[in-house]
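Colleague: The structure file data-v2.txt (compact mmCIF, C-alpha atoms) is provided below.
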# COMPACT_ATOMS: atom_id res chain seq x y z
CA MET A 234 -68.13 27.64 -84.95
CA LYS A 235 -65.13 28.18 -87.17
CA HIS A 236 -64.64 25.74 -90.01
CA LEU A 237 -61.75 25.01 -92.27
CA ARG A 238 -61.31 27.56 -95.05
CA PHE A 239 -58.84 27.96 -97.91
CA LEU A 240 -57.20 24.63 -97.21
CA LEU A 241 -55.39 24.31 -100.50
CA PRO A 242 -51.65 24.90 -100.06
CA CYS A 243 -50.84 28.56 -100.51
CA ALA A 244 -47.70 30.58 -101.11
CA LEU A 245 -44.95 30.53 -98.54
CA LEU A 246 -45.97 32.68 -95.59
CA PRO A 247 -43.46 35.09 -94.08
CA ALA A 248 -42.25 34.48 -90.57
CA ALA A 249 -44.44 35.81 -87.80
CA ALA A 250 -43.23 38.63 -85.60
CA LEU A 251 -42.36 37.30 -82.17
CA LEU A 252 -42.36 39.50 -79.11
CA PHE A 253 -40.70 37.19 -76.60
CA LEU A 254 -37.07 37.57 -75.60
CA SER A 255 -34.53 34.79 -75.82
CA SER A 256 -34.83 32.55 -72.79
CA CYS A 257 -33.41 29.43 -71.13
CA GLY A 258 -29.86 29.92 -72.28
CA GLY A 259 -31.28 31.69 -75.31
CA SER A 260 -29.80 31.57 -78.74
CA SER A 261 -26.63 33.52 -78.31
CA ALA A 262 -25.97 32.18 -81.61
CA THR A 263 -22.93 30.58 -82.77
CA THR A 264 -22.95 29.31 -86.32
CA ALA A 265 -21.82 25.98 -87.71
CA ASP A 266 -19.46 25.71 -90.67
CA ASP A 267 -22.41 25.10 -92.99
CA GLY A 268 -24.13 28.29 -91.79
CA ALA A 269 -26.76 26.61 -89.60
CA PRO A 270 -27.36 28.38 -86.27
CA ILE A 271 -26.39 26.44 -83.15
CA VAL A 272 -29.17 26.98 -80.62
CA ARG A 273 -28.72 26.09 -76.95
CA ILE A 274 -31.67 24.44 -75.23
CA ASP A 275 -31.83 23.98 -71.47
CA PRO A 276 -34.94 21.90 -70.78
CA THR A 277 -34.50 22.31 -67.02
CA ARG A 278 -35.08 26.08 -67.15
CA LEU A 279 -38.70 26.42 -68.19
CA GLU A 280 -40.69 29.56 -68.79
CA THR A 281 -44.14 30.22 -70.15
CA ILE A 282 -44.25 30.34 -73.93
CA HIS A 283 -46.68 33.12 -74.81
CA THR A 284 -48.29 31.47 -77.80
CA ALA A 285 -50.26 34.62 -78.69
CA ASP A 286 -46.94 36.07 -79.85
CA PHE A 287 -46.86 33.70 -82.81
CA ILE A 288 -50.28 32.01 -83.20
CA GLU A 289 -52.88 34.31 -84.69
CA SER A 290 -56.03 32.20 -84.43
CA ALA A 291 -57.43 28.70 -84.27
CA ASP A 292 -59.84 27.28 -86.86
CA TYR A 293 -61.65 23.98 -86.44
CA LEU A 294 -62.97 21.26 -88.70
CA ILE A 295 -65.37 18.65 -87.32
CA LEU A 296 -65.12 15.46 -89.36
CA GLU A 297 -68.33 13.59 -90.04
CA SER A 298 -68.83 10.74 -87.57
CA THR A 299 -70.96 7.59 -87.79
CA PRO A 300 -70.61 4.22 -86.02
CA GLU A 301 -69.19 2.81 -89.26
CA LEU A 302 -66.84 5.74 -89.80
CA MET A 303 -64.52 6.12 -86.84
CA ILE A 304 -60.97 7.40 -87.05
CA ARG A 305 -58.79 6.01 -84.31
CA GLN A 306 -55.91 8.47 -84.80
CA VAL A 307 -54.82 11.08 -87.31
CA ASP A 308 -51.28 10.22 -88.42
CA ARG A 309 -50.87 12.25 -91.62
CA LEU A 310 -53.11 14.73 -93.39
CA CYS A 311 -53.11 15.97 -96.97
CA VAL A 312 -55.16 18.44 -98.98
CA MET A 313 -55.43 17.14 -102.53
CA ASP A 314 -57.82 17.95 -105.37
CA SER A 315 -60.10 19.92 -103.00
CA LEU A 316 -60.31 16.87 -100.75
CA LEU A 317 -58.94 16.20 -97.28
CA LEU A 318 -57.15 12.85 -96.85
CA VAL A 319 -56.54 11.46 -93.36
CA ALA A 320 -54.16 8.53 -92.84
CA ASP A 321 -55.02 6.42 -89.81
CA TYR A 322 -52.33 3.78 -89.27
CA ALA A 323 -54.24 2.17 -86.38
CA SER A 324 -57.24 1.28 -88.55
CA ARG A 325 -55.00 0.81 -91.63
CA SER A 326 -57.15 3.19 -93.63
CA VAL A 327 -57.05 6.48 -95.49
CA PHE A 328 -60.29 8.44 -95.00
CA ILE A 329 -61.30 10.99 -97.62
CA PHE A 330 -63.45 14.02 -96.76
CA ASP A 331 -64.42 17.19 -98.55
CA ARG A 332 -63.25 20.56 -97.21
CA GLU A 333 -66.35 20.85 -95.03
CA GLY A 334 -65.59 17.57 -93.25
CA ARG A 335 -68.20 15.47 -95.08
CA TYR A 336 -67.16 11.87 -95.66
CA ARG A 337 -66.57 10.86 -99.27
CA SER A 338 -64.76 7.52 -99.38
CA ARG A 339 -62.11 5.33 -97.80
CA ILE A 340 -59.06 3.41 -98.94
CA SER A 341 -58.90 0.25 -96.86
CA ARG A 342 -57.49 -2.71 -98.76
CA ILE A 343 -56.56 -5.02 -95.89
CA GLY A 344 -55.78 -8.59 -96.87
CA ARG A 345 -53.20 -10.88 -98.42
CA SER A 346 -53.91 -10.59 -102.10
CA ARG A 347 -51.39 -8.87 -104.35
CA GLU A 348 -53.23 -5.51 -104.30
CA GLU A 349 -53.85 -5.57 -100.52
CA TYR A 350 -51.69 -4.88 -97.47
CA VAL A 351 -51.32 -6.53 -94.07
CA SER A 352 -49.81 -3.56 -92.26
CA MET A 353 -49.88 0.16 -92.91
CA ASN A 354 -46.46 1.17 -91.71
CA ALA A 355 -46.21 4.46 -93.60
CA VAL A 356 -48.37 6.49 -95.98
CA ALA A 357 -47.18 9.09 -98.47
CA PHE A 358 -49.38 11.39 -100.54
CA ASP A 359 -48.43 12.32 -104.09
CA THR A 360 -50.31 15.56 -104.76
CA LEU A 361 -49.01 15.87 -108.34
CA ARG A 362 -50.35 12.49 -109.42
CA SER A 363 -53.34 12.31 -107.03
CA GLU A 364 -52.08 9.08 -105.51
CA VAL A 365 -51.73 7.45 -102.10
CA LEU A 366 -48.64 5.32 -101.40
CA VAL A 367 -48.87 2.66 -98.69
CA HIS A 368 -45.85 0.81 -97.33
CA ASP A 369 -46.54 -2.62 -95.85
CA ILE A 370 -43.54 -3.56 -93.72
CA MET A 371 -44.92 -7.03 -93.00
CA THR A 372 -44.89 -8.13 -96.63
CA GLU A 373 -42.32 -5.59 -97.89
CA LYS A 374 -44.64 -4.11 -100.48
CA LEU A 375 -45.23 -0.61 -101.76
CA LEU A 376 -48.76 -0.15 -103.09
CA VAL A 377 -50.00 2.87 -105.02
CA TYR A 378 -53.71 3.70 -105.03
CA GLY A 379 -55.79 6.27 -106.87
CA LEU A 380 -58.23 8.40 -104.90
CA ASP A 381 -61.01 6.05 -106.00
CA GLY A 382 -59.25 3.19 -104.19
CA THR A 383 -58.10 1.34 -107.29
CA CYS A 384 -54.61 -0.13 -107.06
CA ARG A 385 -52.36 1.37 -109.73
CA SER A 386 -49.13 -0.46 -108.96
CA VAL A 387 -47.55 -2.95 -106.56
CA THR A 388 -43.84 -3.29 -105.86
CA GLU A 389 -43.02 -6.50 -104.02
CA GLY A 390 -39.78 -6.74 -102.08
CA PHE A 391 -39.71 -2.95 -101.74
CA GLY A 392 -36.48 -2.02 -100.01
CA ARG A 393 -35.15 -5.57 -99.87
CA ASN A 394 -31.42 -5.91 -100.38
CA THR A 395 -30.75 -4.09 -103.62
CA GLY A 396 -27.07 -4.93 -103.89
CA TYR A 397 -26.16 -1.67 -102.17
CA VAL A 398 -27.66 -2.05 -98.71
CA CYS A 399 -30.63 -3.60 -96.97
CA THR A 400 -33.21 -0.83 -96.75
CA ALA A 401 -36.30 -2.91 -96.00
CA TYR A 402 -36.96 -1.25 -92.65
CA VAL A 403 -38.76 1.83 -93.91
CA ARG A 404 -40.13 3.72 -90.91
CA ASP A 405 -41.36 6.82 -92.73
CA MET A 406 -41.51 8.05 -96.31
CA HIS A 407 -42.58 11.00 -98.46
CA ALA A 408 -43.30 11.24 -102.18
CA LEU A 409 -41.04 13.42 -104.34
CA ALA A 410 -42.03 15.46 -107.37
CA SER A 411 -39.84 13.18 -109.49
CA GLY A 412 -42.04 10.21 -108.63
CA ASN A 413 -39.40 8.67 -106.35
CA VAL A 414 -39.75 8.38 -102.60
CA ILE A 415 -37.47 9.32 -99.74
CA CYS A 416 -37.36 6.93 -96.81
CA CYS A 417 -35.85 6.97 -93.35
CA GLU A 418 -35.05 4.42 -90.67
CA THR A 419 -34.84 5.51 -87.07
CA LEU A 420 -34.29 2.42 -84.95
CA HIS A 421 -30.87 0.90 -85.42
CA GLY A 422 -27.96 0.29 -87.72
CA SER A 423 -24.52 -1.20 -87.55
CA GLY A 424 -21.66 -2.52 -89.65
CA THR A 425 -22.08 -3.29 -93.32
CA ASP A 426 -25.84 -3.87 -92.98
CA ASN A 427 -26.50 -0.27 -92.08
CA ARG A 428 -30.15 0.72 -92.05
CA ASP A 429 -30.03 4.17 -90.47
CA GLY A 430 -30.39 7.42 -92.30
CA LEU A 431 -32.23 9.01 -95.19
CA TRP A 432 -32.22 7.55 -98.69
CA GLU A 433 -34.03 7.79 -102.03
CA MET A 434 -35.62 4.94 -103.98
CA THR A 435 -37.75 4.56 -107.06
CA ARG A 436 -41.26 3.23 -106.67
CA GLN A 437 -39.99 0.00 -108.20
CA GLY A 438 -37.72 -0.44 -105.18
CA GLU A 439 -34.46 0.49 -106.90
CA PHE A 440 -31.97 2.14 -104.58
CA VAL A 441 -31.00 5.60 -105.87
CA ARG A 442 -28.71 7.12 -103.24
CA TRP A 443 -28.04 7.75 -99.62
CA ILE A 444 -28.90 11.34 -98.76
CA ARG A 445 -27.48 11.04 -95.23
CA GLN A 446 -26.19 7.88 -93.58
CA PHE A 447 -25.41 6.97 -89.97
CA ASP A 448 -23.21 4.10 -88.88
CA PHE A 449 -23.82 3.29 -85.25
CA VAL A 450 -26.25 1.65 -82.84
CA HIS A 451 -28.40 3.68 -80.48
CA PRO A 452 -31.36 2.99 -78.19
CA ALA A 453 -34.85 3.11 -79.65
CA ALA A 454 -36.87 6.25 -79.07
CA GLY A 455 -40.37 7.59 -79.29
CA ASN A 456 -42.08 8.54 -82.50
CA ASP A 457 -40.84 6.86 -85.70
CA ARG A 458 -42.39 9.55 -87.90
CA LYS A 459 -39.44 11.76 -88.75
CA LEU A 460 -40.46 13.33 -92.08
CA THR A 461 -42.87 16.27 -92.26
CA TRP A 462 -44.02 18.79 -94.84
CA MET A 463 -42.54 22.26 -94.70
CA ASP A 464 -43.72 25.45 -96.35
CA GLY A 465 -42.58 25.96 -99.91
CA GLY A 466 -42.81 22.30 -100.90
CA ARG A 467 -39.77 21.11 -98.97
CA ILE A 468 -39.64 18.17 -96.56
CA ALA A 469 -38.28 18.41 -93.03
CA TRP A 470 -36.28 15.58 -91.48
CA TRP A 471 -35.42 15.38 -87.79
CA PRO A 472 -33.39 12.22 -87.11
CA ILE A 473 -32.90 10.79 -83.63
CA GLU A 474 -29.25 10.24 -84.51
CA ALA A 475 -28.48 13.97 -84.41
CA ASN A 476 -29.93 17.03 -82.68
CA ASP A 477 -30.29 18.70 -86.05
CA ASP A 478 -33.27 19.63 -88.20
CA PHE A 479 -32.88 19.36 -91.96
CA ALA A 480 -34.79 20.46 -95.07
CA PHE A 481 -34.82 18.47 -98.30
CA ASP A 482 -35.92 20.12 -101.56
CA GLY A 483 -35.78 16.99 -103.72
CA GLU A 484 -32.12 17.41 -104.57
CA ARG A 485 -30.16 18.75 -101.63
CA LEU A 486 -30.27 18.27 -97.88
CA GLU A 487 -29.78 21.49 -95.90
CA ARG A 488 -29.23 21.68 -92.15
CA LEU A 489 -31.52 24.41 -90.79
CA VAL A 490 -30.89 24.27 -87.04
CA SER A 491 -28.45 22.47 -84.77
CA TYR A 492 -29.53 22.16 -81.15
CA ASP A 493 -27.03 22.13 -78.28
CA VAL A 494 -29.08 20.54 -75.49
CA ALA A 495 -28.02 20.90 -71.87
CA GLY A 496 -28.02 17.46 -70.28
CA PRO A 497 -27.86 14.11 -72.05
CA THR A 498 -29.81 13.32 -75.20
CA PHE A 499 -30.18 10.01 -76.98
CA ILE A 500 -27.08 10.63 -79.06
CA ASP A 501 -25.04 10.58 -75.83
CA TYR A 502 -25.89 6.88 -75.56
CA ILE A 503 -24.87 5.88 -79.06
CA GLY A 504 -23.38 2.41 -78.89
CA GLU A 505 -25.36 1.45 -75.77
CA SER A 506 -28.06 -1.04 -76.62
CA ASN A 507 -29.06 -4.58 -75.87
CA THR A 508 -28.52 -7.38 -78.34
CA GLU A 509 -31.99 -6.87 -79.81
CA TYR A 510 -31.24 -3.20 -80.56
CA TYR A 511 -34.59 -2.09 -79.18
CA ALA A 512 -33.68 -1.08 -75.61
CA ASP A 513 -34.93 2.22 -74.27
CA ILE A 514 -32.59 4.42 -72.28
CA PRO A 515 -31.70 2.31 -69.21
CA ASN A 516 -33.84 3.12 -66.17
CA GLN A 517 -30.91 4.40 -64.16
CA LYS A 518 -30.23 7.03 -66.82
CA SER A 519 -32.20 9.88 -68.36
CA ALA A 520 -32.02 11.46 -71.77
CA TYR A 521 -33.95 13.98 -73.83
CA ALA A 522 -35.34 13.11 -77.24
CA ARG A 523 -37.51 14.98 -79.70
CA GLU A 524 -41.01 13.58 -79.85
CA MET A 525 -41.95 15.80 -82.78
CA THR A 526 -40.78 18.76 -84.83
CA GLN A 527 -42.77 21.10 -87.05
CA ILE A 528 -41.08 23.69 -89.28
CA LYS A 529 -43.67 26.13 -90.55
CA GLY A 530 -43.82 29.87 -91.24
CA GLY A 531 -40.14 30.38 -90.46
CA TYR A 532 -40.37 28.69 -87.05
CA ASP A 533 -39.01 25.44 -85.65
CA PHE A 534 -41.47 24.07 -83.06
CA THR A 535 -40.21 21.03 -81.13
CA CYS A 536 -41.40 18.86 -78.25
CA TRP A 537 -38.64 17.56 -75.97
CA ILE A 538 -39.34 14.58 -73.69
CA CYS A 539 -36.94 13.24 -71.09
CA PHE A 540 -37.13 9.45 -71.03
CA GLY A 541 -35.75 7.13 -68.38
CA ARG A 542 -35.42 7.92 -64.71
CA ASN A 543 -36.61 11.55 -64.72
CA PHE A 544 -39.67 12.07 -66.91
CA ALA A 545 -40.08 15.65 -68.09
CA ILE A 546 -41.53 17.46 -71.07
CA CYS A 547 -41.11 20.88 -72.59
CA TYR A 548 -41.35 22.70 -75.92
CA SER A 549 -39.03 24.99 -77.81
CA PHE A 550 -40.17 27.57 -80.32
CA TYR A 551 -37.35 29.00 -82.40
CA ASP A 552 -37.80 31.95 -84.76
CA MET A 553 -35.24 31.15 -87.44
CA LYS A 554 -35.51 34.55 -89.09
CA ARG A 555 -34.82 36.59 -85.96
CA ASN A 556 -32.76 34.05 -84.02
CA ARG A 557 -35.11 34.14 -81.03
CA LEU A 558 -35.96 31.24 -78.77
CA ALA A 559 -38.58 30.37 -76.15
CA VAL A 560 -38.37 27.20 -74.07
CA GLY A 561 -41.03 26.00 -71.66
CA ARG A 562 -44.73 25.22 -71.76
CA PRO A 563 -47.38 26.97 -73.85
CA ASP A 564 -50.12 29.11 -72.33
CA TRP A 565 -52.60 27.91 -75.01
CA THR A 566 -53.87 31.38 -76.03
CA THR A 567 -54.01 32.81 -79.54
CA ALA A 568 -53.55 36.45 -80.53
CA SER A 569 -57.30 36.65 -81.20
CA GLY A 570 -57.89 35.95 -77.50
CA GLU A 571 -59.32 32.44 -77.66
CA ASP A 572 -57.83 29.39 -75.97
CA PHE A 573 -56.79 26.54 -78.24
CA LEU A 574 -56.84 22.92 -77.14
CA PRO A 575 -54.11 20.41 -76.29
CA THR A 576 -53.96 17.05 -78.01
CA LEU A 577 -54.32 15.20 -74.70
CA TYR A 578 -53.25 15.11 -71.06
CA ASN A 579 -50.63 12.65 -69.90
CA TYR A 580 -50.65 10.66 -66.69
CA GLN A 581 -49.14 13.62 -64.79
CA GLN A 582 -51.99 15.79 -66.11
CA LEU A 583 -49.63 17.85 -68.23
CA PRO A 584 -51.32 19.22 -71.36
CA LEU A 585 -49.52 18.00 -74.46
CA ILE A 586 -49.70 19.12 -78.07
CA PHE A 587 -48.55 16.87 -80.91
CA PRO A 588 -49.03 18.36 -84.38
CA VAL A 589 -50.01 16.26 -87.37
CA ASP A 590 -47.90 16.20 -90.52
CA ALA A 591 -49.98 18.26 -92.97
CA ASN A 592 -49.35 20.13 -96.21
CA ILE A 593 -51.12 23.32 -95.09
CA GLU A 594 -48.64 26.18 -95.18
CA GLY A 595 -48.12 28.57 -92.29
CA THR A 596 -50.34 26.37 -90.12
CA ILE A 597 -49.76 23.89 -87.32
CA VAL A 598 -52.45 21.20 -87.47
CA VAL A 599 -53.44 19.39 -84.27
CA SER A 600 -55.82 16.46 -83.87
CA VAL A 601 -57.96 16.84 -80.74
CA SER A 602 -59.50 13.68 -79.33
CA PRO A 603 -63.11 13.63 -78.06
CA ALA A 604 -61.82 12.71 -74.61
CA THR A 605 -59.91 16.00 -74.44
CA LEU A 606 -63.12 17.94 -75.14
CA LEU A 607 -64.61 16.45 -71.96
CA ASP A 608 -61.47 16.65 -69.81
CA SER A 609 -62.06 18.49 -66.53
CA HIS A 610 -58.45 19.67 -66.49
CA LEU A 611 -59.01 22.07 -69.38
CA PRO A 612 -58.57 25.67 -68.22
CA PRO A 613 -61.66 27.92 -68.34
CA GLY A 614 -60.78 29.26 -71.79
CA GLY A 615 -60.25 25.75 -73.14
CA GLN A 616 -63.53 24.60 -71.64
CA ALA A 617 -65.29 27.49 -73.38
CA THR A 618 -63.74 26.44 -76.70
CA ALA A 619 -64.78 22.81 -76.10
CA ARG A 620 -68.36 23.85 -75.26
CA ARG A 621 -68.56 25.91 -78.41
CA LEU A 622 -67.38 22.99 -80.55
CA THR A 623 -69.80 20.51 -78.97
CA ALA A 624 -72.85 22.72 -78.49
CA GLY A 625 -76.06 20.69 -78.50
CA LEU A 626 -74.30 17.33 -78.10
CA SER A 627 -74.52 15.00 -75.12
CA ASP A 628 -71.38 13.60 -73.50
CA ALA A 629 -72.11 10.24 -75.12
CA GLN A 630 -72.32 11.87 -78.54
CA VAL A 631 -69.04 13.71 -77.96
CA GLU A 632 -67.33 10.49 -76.91
CA ASN A 633 -68.31 8.94 -80.25
CA MET A 634 -67.07 11.81 -82.40
CA ASN A 635 -64.12 11.60 -84.74
CA PRO A 636 -61.12 13.71 -83.75
CA ILE A 637 -61.51 17.43 -84.36
CA LEU A 638 -58.87 19.08 -86.53
CA GLN A 639 -57.49 22.25 -84.98
CA LEU A 640 -55.62 24.60 -87.31
CA LEU A 641 -53.31 27.02 -85.55
CA ARG A 642 -52.61 29.87 -87.97
CA LEU A 643 -49.17 31.38 -87.47
CA LYS A 644 -48.94 35.17 -87.37
CA ARG A 645 -47.70 36.80 -90.54
Take the structure I supplied and represent it as structure tokens, if you would.

Modeller:
Amino acid sequence: MKHLRFLLPCALLPAAALLFLSSCGGSSATTADDGAPIVRIDPTRLETIHTADFIESADYLILESTPELMIRQVDRLCVMDSLLLVADYASRSVFIFDREGRYRSRISRIGRSREEYVSMNAVAFDTLRSEVLVHDIMTEKLLVYGLDGTCRSVTEGFGRNTGYVCTAYVRDMHALASGNVICCETLHGSGTDNRDGLWEMTRQGEFVRWIRQFDFVHPAAGNDRKLTWMDGGRIAWWPIEANDDFAFDGERLERLVSYDVAGPTFIDYIGESNTEYYADIPNQKSAYAREMTQIKGGYDFTCWICFGRNFAICYSFYDMKRNRLAVGRPDWTTASGEDFLPTLYNYQQLPLIFPVDANIEGTIVVSVSPATLLDSHLPPGGQATARRLTAGLSDAQVENMNPILQLLRLKR
């Protein structure tokens, strides 16, 4: 069985060499005024994405499992001080393992005292200061913990009206090298009480600046987690308000890719919402939205889901260095000849892959649930991988495992 090796963030990896040709409208590339390529995506023209062209191999890490130590979902992952930190928003905990997957400790300070939180809306990891930042949207607090679980600071009223704008609705955040945090809101905004966009604040809750601001109302959509680590220490941002992917280096926001999507997307319904602002795309309509984006190794990997009347799902894999595009569904095979595993199967029995935000360069990290390991819909190669990972375990033991971390190494 392969285990996790050399997890500490490494130097920026060069883009992998892709062999596929441009497809599905391709990337006959026009360029925006700011130099970002404009890439056309047609989600209705699907082809097979030959993942062996860009994924070299798959490594696996089995996290220690006991009845008292169960991770419900892996929401964010960080390698820090030779440890592996797993944020699980469902259990409102941060689990700490060593690089071999052995459990070390847990940050779980649930309660109503000053140094505790009611909700775990967002977690940010500060690798420079060895700290874990927890945002509690229910009590509007930002709490900072050391790796030993001690509370180092509490900011009450974090994001409350600062005199500039109400920014209390933090949906995702990342820690900056300066000690500040960047935050984003992805649900709604209107008028003078705008809450949409990307902004910077101090840990004391002082508003620093808008990095990018939107001023309209749109329907709610999918995953609220819109900030992810990139290679080279930058942070990617993929807002629902625009079909653009951005990189933030701590000072400047750069647009990397602008997608021209055939058919409606959520931005085509800007201004259409019910009075509560939380309406999905109306049932009589359909629109594509990005469920996730990962920008690693010179690639932009995105999942597109059509919500509303006509459910559909596809992926795009864009080689930013060579301006090449593949759109469709993965074949789940690495260049080393082994089959990697999907995150889960949906109700239509489509295999889905949803990467985890992780600070491991040149690598797409996927959390695989125990149920997937036992799923009869896995292809023969996937079943062989699952059997290898669970050798000697009964089905009952597999069902009670923590998620397995799958590391898809991009080709150099």

Colleague: Rounded to one decimal place, report the atom CA of A:Glu433-atom CA of A:Glu487 distance in Å.

Modeller: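 Result for atom CA of A:Glu433 versus atom CA of A:Glu487: 15.6 Å, one decimal.
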
Colleague: Which is closer to A:Val631 than all the others in A:Ala617, A:Val441, A:Leu607, A:Cys539, using all atoms listed in the file?

Modeller: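 Nearest candidate to A:Val631 out of A:Ala617, A:Val441, A:Leu607, A:Cys539: A:Leu607.
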
Colleague: Need the neighbours of (-52.5, -0.1, -101.0): which residues are at most 9 Å away, counting only C-alpha atoms, as a list in words?

Modeller: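 In the file's frame, the residues around the point are Ile340, Ser341, Arg342, Ile343, Glu348, Glu349, Tyr350, Met353, Val365, Leu366, Val367, His368, Asp369, Lys374, Leu375, Leu376, Val377, Tyr378, Gly382, Thr383, Cys384, Arg385, Ser386 and Val387 of chain A.
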
Colleague: What does the structure give for the distance between atom CA of A:Val414 and atom CA of A:Gly595, in Å to one decimal?

Modeller: 24.2 Å

Colleague: Using only C-alpha atoms, collect all residues at a distance of at most 7 Å from (-53.4, 18.3, -81.4) as written in the file, then present them as a ChimeraX atom specification.

Modeller: /A:575-576,586-588,598-601,639

Colleague: Could you turn the residues from that selection into a file that holds C-alpha atoms, as a PDB file, keeping the file's coordinate frame?

Modeller:
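The result, written out as part-v1.pdb:
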ATOM      1  CA  PRO A 575     -54.110  20.410 -76.290  1.00  0.00           C
ATOM      2  CA  THR A 576     -53.960  17.050 -78.010  1.00  0.00           C
ATOM      3  CA  ILE A 586     -49.700  19.120 -78.070  1.00  0.00           C
ATOM      4  CA  PHE A 587     -48.550  16.870 -80.910  1.00  0.00           C
ATOM      5  CA  PRO A 588     -49.030  18.360 -84.380  1.00  0.00           C
ATOM      6  CA  VAL A 598     -52.450  21.200 -87.470  1.00  0.00           C
ATOM      7  CA  VAL A 599     -53.440  19.390 -84.270  1.00  0.00           C
ATOM      8  CA  SER A 600     -55.820  16.460 -83.870  1.00  0.00           C
ATOM      9  CA  VAL A 601     -57.960  16.840 -80.740  1.00  0.00           C
ATOM     10  CA  GLN A 639     -57.490  22.250 -84.980  1.00  0.00           C
TER      11      GLN A 639
END

Colleague: Near A:Leu431, within 8 Å and counting only C-alpha atoms, which residues show up once chain neighbours fewer than 5 positions away are dropped, as number ranges by chain?

Modeller: A: 415-418, 443-446

Colleague: For A:Ala480, find every residue with an atom within 6 Å (counting all atoms listed in the file), except residues of its own chain fewer than 2 positions away, and show them as an NGL selection string.

Modeller: :A and (468-469 or 486-487)

Colleague: So what do you get for atom CA of A:Trp462 versus atom CA of A:Met371, distance-wise?

Modeller: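 Interatomic distance here is 25.9 Å.
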
Colleague: Looking at A:Pro270, A:Asp457, A:Thr360, A:Leu574, which one is nearest to A:Pro613, with distances taken over all atoms listed in the file?

Modeller: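 Closest to A:Pro613 of all the choices is A:Leu574.
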
Colleague: I want to know what sits within 12 Å of A:Ser602, based on all atoms listed in the file, with residues of the same chain fewer than 5 positions away left out; could you give that as a PDB file with C-alpha atoms, keeping the file's coordinate frame?

Modeller:
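Printed below is part.pdb as written:
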ATOM      1  CA  ILE A 295     -65.370  18.650 -87.320  1.00  0.00           C
ATOM      2  CA  LEU A 296     -65.120  15.460 -89.360  1.00  0.00           C
ATOM      3  CA  MET A 303     -64.520   6.120 -86.840  1.00  0.00           C
ATOM      4  CA  ILE A 304     -60.970   7.400 -87.050  1.00  0.00           C
ATOM      5  CA  ARG A 305     -58.790   6.010 -84.310  1.00  0.00           C
ATOM      6  CA  GLN A 306     -55.910   8.470 -84.800  1.00  0.00           C
ATOM      7  CA  VAL A 307     -54.820  11.080 -87.310  1.00  0.00           C
ATOM      8  CA  LEU A 574     -56.840  22.920 -77.140  1.00  0.00           C
ATOM      9  CA  PRO A 575     -54.110  20.410 -76.290  1.00  0.00           C
ATOM     10  CA  THR A 576     -53.960  17.050 -78.010  1.00  0.00           C
ATOM     11  CA  LEU A 577     -54.320  15.200 -74.700  1.00  0.00           C
ATOM     12  CA  TYR A 578     -53.250  15.110 -71.060  1.00  0.00           C
ATOM     13  CA  LEU A 585     -49.520  18.000 -74.460  1.00  0.00           C
ATOM     14  CA  ILE A 586     -49.700  19.120 -78.070  1.00  0.00           C
ATOM     15  CA  PHE A 587     -48.550  16.870 -80.910  1.00  0.00           C
ATOM     16  CA  LEU A 607     -64.610  16.450 -71.960  1.00  0.00           C
ATOM     17  CA  ASP A 608     -61.470  16.650 -69.810  1.00  0.00           C
ATOM     18  CA  ALA A 619     -64.780  22.810 -76.100  1.00  0.00           C
ATOM     19  CA  VAL A 631     -69.040  13.710 -77.960  1.00  0.00           C
ATOM     20  CA  GLU A 632     -67.330  10.490 -76.910  1.00  0.00           C
ATOM     21  CA  ASN A 633     -68.310   8.940 -80.250  1.00  0.00           C
ATOM     22  CA  MET A 634     -67.070  11.810 -82.400  1.00  0.00           C
ATOM     23  CA  ASN A 635     -64.120  11.600 -84.740  1.00  0.00           C
ATOM     24  CA  PRO A 636     -61.120  13.710 -83.750  1.00  0.00           C
ATOM     25  CA  ILE A 637     -61.510  17.430 -84.360  1.00  0.00           C
ATOM     26  CA  LEU A 638     -58.870  19.080 -86.530  1.00  0.00           C
ATOM     27  CA  GLN A 639     -57.490  22.250 -84.980  1.00  0.00           C
TER      28      GLN A 639
END

Colleague: Using all atoms listed in the file, which residue out of A:Gly344, A:Gly466, A:Pro612, A:Gly483 lies closest to A:Ile528?

Modeller: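 Closest to A:Ile528 of all the choices is A:Gly466.
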
Colleague: Select, from A:Glu280, A:Asp286, A:Asp405, A:Asp321, the residue with the minimum atom-to-atom distance to A:Leu460, counting all atoms listed in the file.

Modeller: A:Asp405

Colleague: Find the spatial neighbours of stretch 557-567 of chain A, counting all atoms listed in the file, within a cut-off of 6 Å - ignore same-chain residues fewer than 3 positions away - and output them as a list of chain:residue names.

Modeller: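 Those residues are A:Ser255, A:Ser256, A:Gly259, A:Leu279, A:Glu280, A:Thr281, A:Ile282, A:His283, A:Thr284, A:Ala285, A:Ile288, A:Glu289, A:Ser290, A:Cys547, A:Tyr548, A:Ser549, A:Phe550, A:Tyr551, A:Asp552, A:Gly570, A:Glu571, A:Asp572, A:Phe573.
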
Colleague: Counting only C-alpha atoms, figure out which residue out of A:Ala265, A:Thr388, A:Arg645, A:Ala624 gets nearest to A:Glu439.

Modeller: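 Under the stated criterion, the closest residue is A:Thr388.
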
Colleague: Nearest residue to A:Gly334 out of A:Asn556, A:Ser298, A:Asn354, A:Ser627, using all atoms listed in the file?

Modeller: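 Among the listed residues, the smallest separation from A:Gly334 belongs to A:Ser298.
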